[in-house]
$ cat structure-v6.cif   # mmCIF, C-alpha atoms and all ligand atoms
data_my_file
#
loop_
_atom_site.label_atom_id
_atom_site.label_comp_id
_atom_site.auth_asym_id
_atom_site.auth_seq_id
_atom_site.Cartn_x
_atom_site.Cartn_y
_atom_site.Cartn_z
CA MET O 242 20.51 -74.48 33.52
CA PRO O 243 24.08 -74.70 34.97
CA ILE O 244 26.70 -73.96 32.36
CA ASP O 245 29.59 -76.33 31.74
CA LEU O 246 32.85 -74.37 31.44
CA PRO O 247 36.30 -75.69 30.47
CA PRO O 248 39.34 -75.31 32.77
CA THR O 249 40.83 -72.65 30.47
CA LEU O 250 39.08 -69.93 28.53
CA CYS O 251 39.82 -66.79 26.58
CA PHE O 252 38.80 -63.62 28.46
CA ARG O 253 38.49 -60.47 26.34
CA VAL O 254 39.51 -57.63 28.63
CA THR O 255 38.51 -55.02 26.06
CA ARG O 256 37.65 -54.68 22.41
CA TYR O 257 39.72 -51.49 22.16
CA CYS O 258 43.12 -51.77 20.50
CA ASN O 259 46.19 -49.72 19.63
CA ALA O 260 46.66 -51.52 16.29
CA ARG O 261 44.51 -51.98 13.20
CA CYS O 262 45.18 -55.46 11.82
CA GLY O 263 43.28 -56.01 8.60
CA PHE O 264 42.98 -59.71 9.45
CA CYS O 265 41.74 -59.28 13.05
CA LEU O 266 39.23 -61.85 14.27
CA ALA O 267 38.22 -59.64 17.24
CA PRO O 268 38.62 -56.07 15.95
CA PRO O 269 38.29 -52.87 17.98
CA ASP O 270 34.55 -52.42 17.52
CA GLY O 271 33.14 -53.41 20.91
CA ALA O 272 33.06 -52.84 24.66
CA HIS O 273 35.70 -51.55 27.10
CA PRO O 274 34.39 -52.57 30.56
CA ASP O 275 35.60 -51.03 33.82
CA VAL O 276 37.82 -53.00 36.17
CA GLY O 277 35.04 -53.66 38.71
CA THR O 278 32.89 -55.31 36.05
CA LEU O 279 35.82 -57.42 34.87
CA ILE O 280 36.61 -58.56 38.43
CA ARG O 281 32.99 -59.63 38.97
CA ARG O 282 33.10 -61.62 35.73
CA LEU O 283 36.37 -63.28 36.76
CA ASP O 284 34.91 -64.27 40.13
CA TRP O 285 31.85 -65.72 38.39
CA LEU O 286 34.09 -67.85 36.15
CA LEU O 287 36.45 -68.99 38.91
CA LEU O 288 33.49 -69.99 41.09
CA ARG O 289 32.32 -72.23 38.24
CA GLY O 290 35.53 -74.22 38.00
CA VAL O 291 37.60 -72.21 35.52
CA LYS O 292 41.27 -72.52 36.52
CA THR O 293 43.21 -70.63 33.86
CA ILE O 294 42.23 -67.24 32.49
CA HIS O 295 43.74 -66.45 29.11
CA PHE O 296 43.62 -62.65 28.89
CA CYS O 297 43.14 -61.41 25.34
CA GLY O 298 41.10 -58.84 23.46
CA GLY O 299 41.20 -56.45 21.65
CA GLU O 300 44.51 -55.48 23.18
CA PRO O 301 44.57 -56.33 26.90
CA THR O 302 47.67 -54.25 27.74
CA ILE O 303 45.87 -50.98 26.98
CA HIS O 304 43.40 -51.63 29.81
CA PRO O 305 44.80 -49.81 32.86
CA GLY O 306 43.20 -52.41 35.17
CA LEU O 307 45.12 -55.39 33.75
CA PRO O 308 47.72 -55.62 36.59
CA VAL O 309 44.90 -55.59 39.17
CA LEU O 310 43.05 -58.33 37.25
CA LEU O 311 46.16 -60.53 37.18
CA GLU O 312 46.72 -60.08 40.92
CA HIS O 313 43.07 -60.81 41.58
CA VAL O 314 43.07 -64.10 39.67
CA GLN O 315 46.26 -65.19 41.41
CA ALA O 316 44.78 -64.35 44.83
CA GLN O 317 41.77 -66.57 43.99
CA GLY O 318 44.10 -69.48 43.14
CA GLY O 319 43.85 -69.20 39.34
CA THR O 320 46.62 -69.15 36.74
CA MET O 321 47.00 -66.71 33.88
CA LYS O 322 48.08 -66.43 30.27
CA LEU O 323 48.21 -63.26 28.20
CA THR O 324 48.25 -62.72 24.44
CA THR O 325 49.40 -59.27 23.38
CA ASN O 326 50.60 -57.35 20.35
CA GLY O 327 53.44 -56.13 22.60
CA ILE O 328 53.20 -52.50 21.47
CA THR O 329 52.93 -51.16 25.01
CA LEU O 330 54.19 -52.72 28.22
CA SER O 331 54.26 -50.54 31.32
CA ASP O 332 56.81 -51.19 34.09
CA VAL O 333 53.95 -51.97 36.47
CA LEU O 334 52.55 -54.57 34.09
CA LEU O 335 55.99 -56.10 33.55
CA THR O 336 56.52 -56.45 37.31
CA THR O 337 53.04 -57.90 37.81
CA LEU O 338 53.45 -60.43 34.99
CA TYR O 339 56.58 -61.71 36.70
CA ALA O 340 55.08 -61.72 40.20
CA THR O 341 51.95 -63.57 39.08
CA HIS O 342 53.82 -66.15 36.93
CA THR O 343 51.75 -65.19 33.89
CA GLN O 344 52.76 -66.87 30.62
CA VAL O 345 52.91 -64.37 27.77
CA LYS O 346 52.40 -64.84 24.04
CA VAL O 347 53.51 -61.97 21.83
CA SER O 348 52.08 -61.69 18.32
CA LEU O 349 54.81 -61.08 15.75
CA ASN O 350 53.89 -61.69 12.14
CA GLY O 351 57.21 -61.40 10.32
CA ASN O 352 59.97 -58.91 9.58
CA ARG O 353 59.55 -55.17 10.09
CA GLU O 354 57.97 -54.45 6.71
CA HIS O 355 55.55 -57.36 6.77
CA HIS O 356 54.64 -57.00 10.46
CA ASP O 357 53.89 -53.27 10.19
CA ALA O 358 51.80 -53.84 7.04
CA MET O 359 49.84 -56.60 8.80
CA VAL O 360 49.09 -54.61 11.96
CA GLY O 361 48.36 -51.35 10.14
CA ARG O 362 50.90 -49.16 11.96
CA LYS O 363 54.57 -48.93 12.91
CA ALA O 364 54.74 -51.58 15.61
CA PHE O 365 57.71 -53.87 14.94
CA GLU O 366 60.19 -51.76 16.90
CA HIS O 367 57.98 -51.54 20.00
CA THR O 368 56.94 -55.19 19.87
CA THR O 369 60.44 -56.61 19.50
CA ARG O 370 61.82 -54.27 22.19
CA ASN O 371 59.08 -55.33 24.61
CA LEU O 372 59.71 -58.99 23.78
CA GLN O 373 63.30 -58.45 24.90
CA ARG O 374 62.09 -56.77 28.10
CA LEU O 375 59.82 -59.71 28.88
CA ILE O 376 62.63 -62.22 28.37
CA ALA O 377 65.11 -60.14 30.36
CA ALA O 378 62.59 -59.96 33.22
CA GLY O 379 62.43 -63.78 33.37
CA ILE O 380 58.82 -64.04 32.15
CA LEU O 381 57.88 -67.21 30.24
CA THR O 382 57.38 -65.70 26.78
CA SER O 383 56.57 -67.23 23.42
CA VAL O 384 55.81 -65.89 19.95
CA GLN O 385 52.61 -66.34 17.96
CA THR O 386 52.48 -65.69 14.21
CA THR O 387 49.43 -65.41 11.98
CA VAL O 388 50.16 -66.49 8.41
CA VAL O 389 48.07 -65.22 5.48
CA ALA O 390 48.01 -66.28 1.83
CA GLY O 391 51.27 -65.66 -0.02
CA ALA O 392 53.30 -65.09 3.16
CA GLN O 393 54.57 -68.57 3.98
CA GLU O 394 58.16 -67.36 4.10
CA VAL O 395 57.45 -65.65 7.43
CA VAL O 396 57.77 -69.06 9.11
CA GLU O 397 61.48 -69.17 8.25
CA TRP O 398 62.03 -65.57 9.35
CA VAL O 399 60.16 -65.82 12.66
CA ALA O 400 61.80 -69.16 13.53
CA GLY O 401 65.22 -67.53 12.97
CA PHE O 402 64.18 -64.55 15.10
CA CYS O 403 63.10 -66.86 17.95
CA LEU O 404 66.37 -68.79 17.84
CA GLU O 405 68.39 -65.54 17.95
CA THR O 406 66.28 -64.10 20.75
CA LYS O 407 66.30 -67.33 22.80
CA ILE O 408 62.54 -67.77 22.59
CA ARG O 409 61.69 -71.44 23.05
CA ARG O 410 58.17 -71.68 21.64
CA LEU O 411 56.63 -70.43 18.39
CA SER O 412 52.99 -71.01 17.43
CA ILE O 413 52.02 -70.67 13.78
CA MET O 414 48.37 -69.77 13.23
CA PRO O 415 46.84 -70.02 9.77
CA PHE O 416 44.49 -67.12 8.99
CA ILE O 417 40.80 -67.70 9.70
CA PRO O 418 37.98 -65.60 8.20
CA ARG O 419 36.41 -63.99 11.27
CA GLY O 420 35.85 -60.31 12.17
CA ASN O 421 37.86 -58.01 9.89
CA GLY O 422 39.30 -61.17 8.38
CA LEU O 423 35.90 -62.06 6.95
CA ASP O 424 35.88 -58.84 4.88
CA ARG O 425 39.48 -59.43 3.78
CA ARG O 426 39.24 -63.15 3.10
CA GLU O 427 39.88 -62.74 -0.64
CA ALA O 428 43.28 -61.22 0.09
CA TYR O 429 44.22 -63.29 3.15
CA GLU O 430 42.64 -66.74 2.95
CA MET O 431 44.85 -69.62 1.84
CA SER O 432 43.53 -72.24 -0.56
CA SER O 433 43.35 -75.75 0.87
CA VAL O 434 46.51 -76.60 -1.11
CA GLN O 435 48.39 -73.61 0.35
CA ARG O 436 47.17 -74.46 3.82
CA ARG O 437 48.35 -78.07 3.54
CA ALA O 438 51.72 -76.86 2.23
CA LEU O 439 52.06 -74.48 5.19
CA ARG O 440 51.18 -77.23 7.62
CA GLU O 441 53.77 -79.51 6.05
CA LEU O 442 56.39 -76.74 6.19
CA VAL O 443 55.68 -76.25 9.90
CA ALA O 444 55.94 -80.01 10.51
CA GLN O 445 59.29 -80.17 8.65
CA LYS O 446 60.72 -77.21 10.54
CA ARG O 447 59.44 -78.60 13.81
CA ARG O 448 61.45 -81.76 13.20
CA ALA O 449 64.51 -79.81 12.04
CA LEU O 450 64.47 -77.52 15.10
CA SER O 451 63.56 -80.17 17.66
CA GLY O 452 65.30 -79.47 20.98
CA ARG O 453 65.94 -75.83 20.06
CA LEU O 454 62.48 -74.45 19.30
CA ASP O 455 59.06 -75.89 20.09
CA LEU O 456 57.32 -75.02 16.82
CA ARG O 457 53.55 -75.55 16.92
CA TRP O 458 50.65 -75.48 14.51
CA LEU O 459 47.75 -73.67 16.19
CA ASP O 460 44.58 -73.80 14.16
CA PHE O 461 41.60 -71.94 15.67
CA THR O 462 39.31 -73.96 13.40
CA ALA O 463 40.41 -77.30 14.85
CA ARG O 464 37.75 -77.15 17.58
CA PRO O 465 35.45 -74.50 19.07
CA ILE O 466 36.89 -72.46 21.94
CA HIS O 467 35.17 -70.82 24.90
CA VAL O 468 35.47 -67.03 24.86
CA VAL O 469 34.16 -64.42 27.29
CA GLU O 470 33.44 -61.39 25.14
CA ALA O 471 34.10 -57.86 26.40
CA ASP O 472 30.33 -57.40 26.74
CA GLY O 473 30.10 -60.39 29.12
CA ARG O 474 28.66 -63.02 26.78
CA VAL O 475 30.16 -66.50 27.02
CA ILE O 476 30.52 -67.80 23.47
CA LEU O 477 31.63 -71.11 22.02
CA GLU O 478 33.48 -69.76 18.98
CA GLY O 479 33.74 -71.84 15.84
CA ALA O 480 35.66 -71.31 12.61
CA THR O 481 33.27 -68.57 11.47
CA GLU O 482 30.85 -66.27 13.27
CA ALA O 483 27.97 -68.23 11.73
CA LYS O 484 29.08 -71.26 13.77
CA ASP O 485 29.24 -69.38 17.09
CA ASP O 486 27.07 -70.51 19.96
CA VAL O 487 26.22 -67.93 22.65
CA LEU O 488 26.07 -69.98 25.86
CA CYS O 489 25.00 -67.25 28.29
CA GLN O 490 25.46 -63.68 29.47
CA ILE O 491 27.39 -63.36 32.75
CA PRO O 492 24.66 -61.92 34.99
CA LEU O 493 26.44 -58.87 36.49
C1 LIG V 1 42.61 -61.41 18.51
S1 LIG V 1 44.28 -61.24 19.05
C2 LIG V 1 44.05 -60.50 20.66
C3 LIG V 1 45.32 -60.26 21.43
C4 LIG V 1 46.25 -59.17 20.92
N1 LIG V 1 45.59 -58.01 20.52
C5 LIG V 1 47.18 -59.69 19.84
O1 LIG V 1 47.03 -59.28 18.70
O2 LIG V 1 48.05 -60.51 20.18
C6 LIG V 1 44.78 -62.92 19.47
C7 LIG V 1 45.63 -63.60 18.42
O3 LIG V 1 44.83 -63.89 17.28
C8 LIG V 1 45.58 -63.63 16.11
N2 LIG V 1 44.61 -63.39 15.04
C9 LIG V 1 43.84 -62.31 14.90
N3 LIG V 1 43.03 -62.43 13.82
C10 LIG V 1 43.30 -63.65 13.27
C11 LIG V 1 42.78 -64.36 12.15
N4 LIG V 1 41.83 -63.83 11.39
N5 LIG V 1 43.28 -65.58 11.90
C12 LIG V 1 44.23 -66.13 12.68
N6 LIG V 1 44.78 -65.51 13.75
C13 LIG V 1 44.30 -64.27 14.05
C14 LIG V 1 46.42 -62.43 16.49
O4 LIG V 1 47.51 -62.25 15.64
C15 LIG V 1 46.82 -62.79 17.89
O5 LIG V 1 47.97 -63.62 17.89
S1 LIG V 2 44.86 -58.88 16.18
FE1 LIG V 2 45.21 -58.00 18.20
S2 LIG V 2 46.49 -56.22 17.75
FE2 LIG V 2 45.56 -56.76 15.84
S3 LIG V 2 43.71 -55.45 15.74
FE3 LIG V 2 43.14 -57.50 16.57
S4 LIG V 2 43.17 -57.18 18.74
FE4 LIG V 2 44.37 -55.51 17.83
#
$ encode --input "structure-v6.cif" --output "structure tokens" --more "lines below"
Ligand SMILES: C[S@@+](CC[C@H](N)C(=O)[O-])C[C@H]1O[C@@H](n2cnc3c(N)ncnc32)[C@H](O)[C@@H]1O
Ligand code: SF4
Amino acid sequence: MPIDLPPTLCFRVTRYCNARCGFCLAPPDGAHPDVGTLIRRLDWLLLRGVKTIHFCGGEPTIHPGLPVLLEHVQAQGGTMKLTTNGITLSDVLLTTLYATHTQVKVSLNGNREHHDAMVGRKAFEHTTRNLQRLIAAGILTSVQTTVVAGAQEVVEWVAGFCLETKIRRLSIMPFIPRGNGLDRREAYEMSSVQRRALRELVAQKRRALSGRLDLRWLDFTARPIHVVEADGRVILEGATEAKDDVLCQIPL
């Protein structure tokens, strides 16, 4: 039966990663396909009407084929987004991101102490330096922040960081219990009261910063999203793994 795909979907380049976030919804426990396999998958998707490929993972920047994948999608008439932890960013990748007009989201979860604790390694320095490189290179770059229970104050800190760094968009994502996050839900999950309070805080700050920072609430549980897993399955992902629907395996 022909599969109905949306215009934009999340494409996991790899399940390998150079960080170890305790909350990770797609942790480094899966496949790392070669570039030829990934190109065949991209062609399959683009032929079926997908227009925008949102490269994610795992950590997409650690796949050496990423620049080739970006160029390939552009050559086929597609557009690209990339979500990254920003720990590594080669000169070749930086140049390719600019040349292919890729929009980049960098995950930054708070100040140095909080960010490094969240991602399980010293990362803040690398991530913030690479954010500056992206902005200096003229690449459309925004920040994405995952908020866990008891850490609401990061919203204030990250918003201040974005204003200082001249970043124009910040997405706040409440923690969801998937992947590693399912095992850590006792520590990380907000109660419904905390979640409502966070949402209200984001709405208030959005109004206060209107015209200076586009502050968004991005809740992965709001509706299922289409994801191409690193093993080639196309999945409609819900709030929890139990709600996932495997639509097909890309036949390559
Ligand atoms: C799975 S990561 C993959 C891309 C890249 N490795 C990164 O961290 O940006 C995509 C985004 O999901 C966020 N994220 C991961 N686990 C999450 C969870 N359990 N709840 C909410 N957001 C989560 C990450 O912080 C990141 O912004
Ligand atoms: S959230 Fe991103 S950086 Fe963190 S472990 Fe998961 S894939 Fe890696």
$ residues_around --input "structure-v6.cif" --residues "O:Pro274" --least-positions-apart "3" --cutoff "8 Å" --atoms "all atoms listed in the file" --output "mmCIF file with C-alpha atoms, in the frame of the given file"
data_model
loop_
_atom_site.group_PDB
_atom_site.id
_atom_site.type_symbol
_atom_site.label_atom_id
_atom_site.label_comp_id
_atom_site.auth_asym_id
_atom_site.auth_seq_id
_atom_site.Cartn_x
_atom_site.Cartn_y
_atom_site.Cartn_z
ATOM 1 C CA VAL O 254 39.510 -57.630 28.630
ATOM 2 C CA THR O 255 38.510 -55.020 26.060
ATOM 3 C CA THR O 278 32.890 -55.310 36.050
ATOM 4 C CA LEU O 279 35.820 -57.420 34.870
ATOM 5 C CA ALA O 471 34.100 -57.860 26.400
ATOM 6 C CA ASP O 472 30.330 -57.400 26.740
#
$ atom_distance --input "structure-v6.cif" --atom1 "atom CA of O:Glu300" --atom2 "atom CA of O:His367"
14.4 Å
$ residues_around --input "structure-v6.cif" --residues "O:Ala438" --least-positions-apart "4" --cutoff "12 Å" --atoms "all atoms listed in the file" --output "list in words"
Ala390, Gly391, Ala392, Gln393, Glu394, Pro415, Met431, Ser432, Ser433, Val434, Leu442, Val443, Ala444 and Gln445 of chain O
$ atom_distance --input "structure-v6.cif" --atom1 "atom CA of O:Phe252" --atom2 "atom CA of O:Ile328"
19.5 Å
$ closest_residue --input "structure-v6.cif" --among "O:Arg448, O:Arg253, O:Asn352, O:Leu493" --to "O:Gly277" --atoms "all atoms listed in the file"
O:Leu493
$ closest_residue --input "structure-v6.cif" --among "O:Val384, O:Val314, O:Leu283, O:Ala483" --to "O:Leu404" --atoms "only C-alpha atoms"
O:Val384
$ atom_distance --input "structure-v6.cif" --atom1 "atom CA of O:Arg425" --atom2 "atom CA of O:Lys446"
28.5 Å
$ residues_around --input "structure-v6.cif" --residues "O:Leu286" --least-positions-apart "5" --cutoff "10 Å" --atoms "all atoms listed in the file" --output "MDAnalysis selection string"
chainID O and resid 246:248 250 252 280:281 291:294 469 491
$ write_last_selection --input "structure-v6.cif" --atoms "C-alpha atoms" --output "PDB file, keeping the file's coordinate frame"
ATOM      1  CA  LEU O 246      32.850 -74.370  31.440  1.00  0.00           C
ATOM      2  CA  PRO O 247      36.300 -75.690  30.470  1.00  0.00           C
ATOM      3  CA  PRO O 248      39.340 -75.310  32.770  1.00  0.00           C
ATOM      4  CA  LEU O 250      39.080 -69.930  28.530  1.00  0.00           C
ATOM      5  CA  PHE O 252      38.800 -63.620  28.460  1.00  0.00           C
ATOM      6  CA  ILE O 280      36.610 -58.560  38.430  1.00  0.00           C
ATOM      7  CA  ARG O 281      32.990 -59.630  38.970  1.00  0.00           C
ATOM      8  CA  VAL O 291      37.600 -72.210  35.520  1.00  0.00           C
ATOM      9  CA  LYS O 292      41.270 -72.520  36.520  1.00  0.00           C
ATOM     10  CA  THR O 293      43.210 -70.630  33.860  1.00  0.00           C
ATOM     11  CA  ILE O 294      42.230 -67.240  32.490  1.00  0.00           C
ATOM     12  CA  VAL O 469      34.160 -64.420  27.290  1.00  0.00           C
ATOM     13  CA  ILE O 491      27.390 -63.360  32.750  1.00  0.00           C
TER      14      ILE O 491
END
$ closest_residue --input "structure-v6.cif" --among "O:Pro243, O:Pro268, O:Pro418, O:Gly351" --to "ligand LIG 2 (chain V)" --atoms "all atoms listed in the file"
O:Pro268
$ residues_near_ligand --input "structure-v6.cif" --ligand "ligand LIG 2 (chain V)" --cutoff "6 Å" --atoms "all atoms listed in the file" --output "PyMOL selection string"
chain O and resi 258+260-262+265+267-268+298-300+326+360
$ residues_around --input "structure-v6.cif" --residues "O:Arg353" --least-positions-apart "3" --cutoff "10 Å" --atoms "all atoms listed in the file" --output "list in words"
Leu349, Asn350, His356, Asp357, Ala358, Met359, Lys363, Ala364, Phe365, Glu366 and Thr369 of chain O
$ write_last_selection --input "structure-v6.cif" --atoms "C-alpha atoms" --output "short mmCIF file (atom, residue, chain, number, x, y, z; two decimals), in the coordinates of the input"
data_model
loop_
_atom_site.label_atom_id
_atom_site.label_comp_id
_atom_site.auth_asym_id
_atom_site.auth_seq_id
_atom_site.Cartn_x
_atom_site.Cartn_y
_atom_site.Cartn_z
CA LEU O 349 54.81 -61.08 15.75
CA ASN O 350 53.89 -61.69 12.14
CA HIS O 356 54.64 -57.00 10.46
CA ASP O 357 53.89 -53.27 10.19
CA ALA O 358 51.80 -53.84 7.04
CA MET O 359 49.84 -56.60 8.80
CA LYS O 363 54.57 -48.93 12.91
CA ALA O 364 54.74 -51.58 15.61
CA PHE O 365 57.71 -53.87 14.94
CA GLU O 366 60.19 -51.76 16.90
CA THR O 369 60.44 -56.61 19.50
#
$ axis_aligned_box --input "structure-v6.cif" --around "ligand LIG 1 (chain V)" --padding-each-side "5 Å" --output "AutoDock Vina command-line options"
--center_x 44.9 --center_y -62.1 --center_z 16.4 --size_x 16.2 --size_y 18.1 --size_z 20.0
$ residues_around --input "structure-v6.cif" --residues "O:Ile408" --least-positions-apart "5" --cutoff "9 Å" --atoms "only C-alpha atoms" --output "PyMOL selection string"
chain O and resi 376+381-384+402-403+454
$ closest_residue --input "structure-v6.cif" --among "O:Gly452, O:Gly379, O:Gly473, O:Gly327" --to "ligand LIG 1 (chain V)" --atoms "all atoms listed in the file"
O:Gly327
$ residues_near_point --input "structure-v6.cif" --point "(45.1, -64.5, 37.2)" --cutoff "10 Å" --atoms "all atoms listed in the file" --output "VMD selection string"
chain O and resid 283 287 292 to 296 307 to 323 338 341 to 343
$ closest_residue --input "structure-v6.cif" --among "O:Leu488, O:Leu266, O:Ile476, O:Ile413" --to "ligand LIG 1 (chain V)" --atoms "all atoms listed in the file"
O:Leu266
$ closest_residue --input "structure-v6.cif" --among "O:Tyr339, O:Trp285, O:Tyr257, O:Trp398" --to "ligand LIG 1 (chain V)" --atoms "all atoms listed in the file"
O:Tyr257
$ decode --input "structure-v6.cif" --residues "stretch 311-359 of chain O" --atoms "C-alpha atoms" --output "compact mmCIF listing (two decimals), in the first residue's frame"
# COMPACT_ATOMS: atom_id res chain seq x y z
CA LEU O 311 23.12 18.05 2.45
CA GLU O 312 24.47 18.70 -1.05
CA HIS O 313 22.54 15.72 -2.38
CA VAL O 314 19.19 16.89 -0.98
CA GLN O 315 19.77 20.38 -2.34
CA ALA O 316 20.63 18.99 -5.79
CA GLN O 317 17.31 17.07 -5.76
CA GLY O 318 15.40 20.30 -4.98
CA GLY O 319 14.83 19.63 -1.27
CA THR O 320 15.42 21.90 1.71
CA MET O 321 17.21 21.02 4.92
CA LYS O 322 17.18 21.58 8.65
CA LEU O 323 19.69 20.24 11.15
CA THR O 324 19.46 19.73 14.90
CA THR O 325 22.82 19.29 16.62
CA ASN O 326 24.42 19.35 20.04
CA GLY O 327 27.05 21.64 18.47
CA ILE O 328 30.01 19.86 20.06
CA THR O 329 31.81 19.38 16.75
CA LEU O 330 31.50 21.43 13.59
CA SER O 331 34.10 20.89 10.88
CA ASP O 332 35.03 23.71 8.48
CA VAL O 333 33.69 21.63 5.59
CA LEU O 334 30.34 21.19 7.33
CA LEU O 335 30.17 24.89 8.17
CA THR O 336 30.79 25.85 4.53
CA THR O 337 28.24 23.31 3.29
CA LEU O 338 25.57 24.46 5.75
CA TYR O 339 25.94 27.97 4.38
CA ALA O 340 26.04 26.91 0.72
CA THR O 341 22.95 24.71 1.06
CA HIS O 342 20.92 27.27 3.08
CA THR O 343 20.41 24.74 5.87
CA GLN O 344 18.64 26.05 8.98
CA VAL O 345 20.40 24.92 12.14
CA LYS O 346 19.06 24.33 15.64
CA VAL O 347 21.65 24.00 18.39
CA SER O 348 20.67 22.28 21.63
CA LEU O 349 21.76 24.29 24.66
CA ASN O 350 20.16 23.39 27.96
CA GLY O 351 21.34 26.15 30.30
CA ASN O 352 24.50 27.59 31.81
CA ARG O 353 27.81 25.74 31.79
CA GLU O 354 27.21 23.71 34.94
CA HIS O 355 23.66 22.69 34.09
CA HIS O 356 24.36 22.03 30.40
CA ASP O 357 27.39 19.82 31.08
CA ALA O 358 25.47 17.88 33.74
CA MET O 359 22.57 17.36 31.33
